[in-house]
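Presented below is the structure to which this report refers.
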Amino acid sequence: MPHTEAPGTEATPATPKTRLRWWTELPLILLVYACYSAGRLLVRGDVSDAVDHGLAILRIEKALHLNAEHPLNRLFTSEPWIGIPADFWYASLHYLVTPALLIWIFRSRAVRYRAARTWLMTSTFIGLIGFTLLPTCPPRLLEASHGFVDTMAQYSSYGWWGGEASAPRGLGGMTNQYAAMPSLHVGWSLWCGVMLWRHGGTRAAKVAGVVYPLVTTIVVMGTANHYFLDAVAGAAVMGAGLLLTPYVMRTSDRARALLAARFATRTASGSATAPDALGSSGAPVTEGAVSPIVSGGCQTSAGERFPRQREQRPARGAEPDPSPSDAGDETPAPAR
């Protein structure tokens with residue numbers, strides 16, 4: 001007879017072992033973003049090396065007929081109605097959509113949140129490795145002879161940014177403009193697209209999950225901020241982060257369990273040496289051990305008293321209770 005489940009007992013995803021709290025998640029996310037920003041600032045690389053890497057990428061794309069940056073850049077610079085919205089897209093959505101989706105998943109898809117957050121953070125750290133090992137000059141910073149125009153500099157009067165990437169005016173020196181390989185604009189937008197597709201629940205969300213990373217890829221090339229291979233590398237970084245996520249989560253769980261075990265051991269050892277856990281000789285009393293004075297039933301042994309216990313005297317007129325502790329009396333009392 002086939003097994004059937006009772007109505008209302010459908011299988012549900014396993015809930016996290018520990019409930020996530022926003023006051024623990026927010027500092028973690030801020031820490032990762034601080035590492036991301038600090039890595040971009042500290043590892044600026046040599047400008048000549050960055051230019052060489054950018055030109056090498058451009059030569060590879062031309063050899064493979066993948067050079068889509070030039071036609072897109074010409075379109076964006078010649079048509080302000082395309083170029084200006086693209087600049088706003090590049091300068092803002094990267095920093096708005098990603099945290100908004102993190103908050104949404106945290107609040108409405110808590111069971112899925114930890115894996116989604118770990119995937120995003122792992123990929124971001126892989127991207128930092130790319131910035132460190134391969135500083136790359138973006139197309140907009142190459143010499144004009146290479147045919148690229150910086151659309152954000154061209155349309156800077158329409159936005160808050162200046163001529164140095166998407167940083168606010170006067171803060172361009174605080175960014176590493178040679179952190180182009182891989183493109184985390186594309187990588188993060190791909191993560192957002194997957195989250196919308198898997199957890200959106202509506203057709204509009206699925207459409208947005210497809211459109212957002214595709215438009216972002218076009219925007220980063222049309223504004224001359226990234227090469228096509230930068231976008232490919234950004235997608236590859238997210239793929240590597242997705243594969244590593246289960247291992248990172250298991251390692252995190254083991255580290256947490258190890259720390260909890262050590263903390264519990266220290267707590268137990270500290271309580272075992274406390275004054276109320278010591279025997280009469282000052283030695284620790286472990287669980288299951290029997291005190292030399294007090295028996296397991298919490299009664300005094302024959303002829304013994306609690307420390308500092310005052311000896312009781314028989315009431316006047318009452319017959320004294322014979323015991324082995326009485327001097328010279330070694331015969332047991334008669335049964336009554």
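By convention here, the chains of the structure tokens are called A, B, ... in the order presented, each chain's residues are numbered starting at 1, and ligands are numbered starting at 1 in the order presented.
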
### Message
Give me the residues near Pro99 (chain A) as a list in words, where near means some atom within 12 Å (using only C-alpha atoms) and where sequence neighbours in that chain fewer than 3 positions away do not count.
### Response
Glu25, Leu26, Ile29, Leu30, Tyr33, Ser92, Leu93, His94, Tyr95, Leu96, Leu102, Ile103, Trp104, Ile105, Phe106, Ala116, Arg117, Leu120, Trp188, Ser189, Trp191 and Cys192 of chain A

### Message
DSSP on the backbone: which residues in region 113-277 of chain A end up as alpha helix (DSSP H)? Give the answer as a ChimeraX atom specification.
### Response
/A:113-133,151-154,184-199,203-222,228-272

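For the pair CA of Val215 (chain A) and CA of Ala179 (chain A), the separation is 20.7 Å.
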
### Using only C-alpha atoms: which of A:Ala153, A:Val219, A:Leu141, A:Leu101 has the shortest distance to Ile82 (chain A)
A:Val219
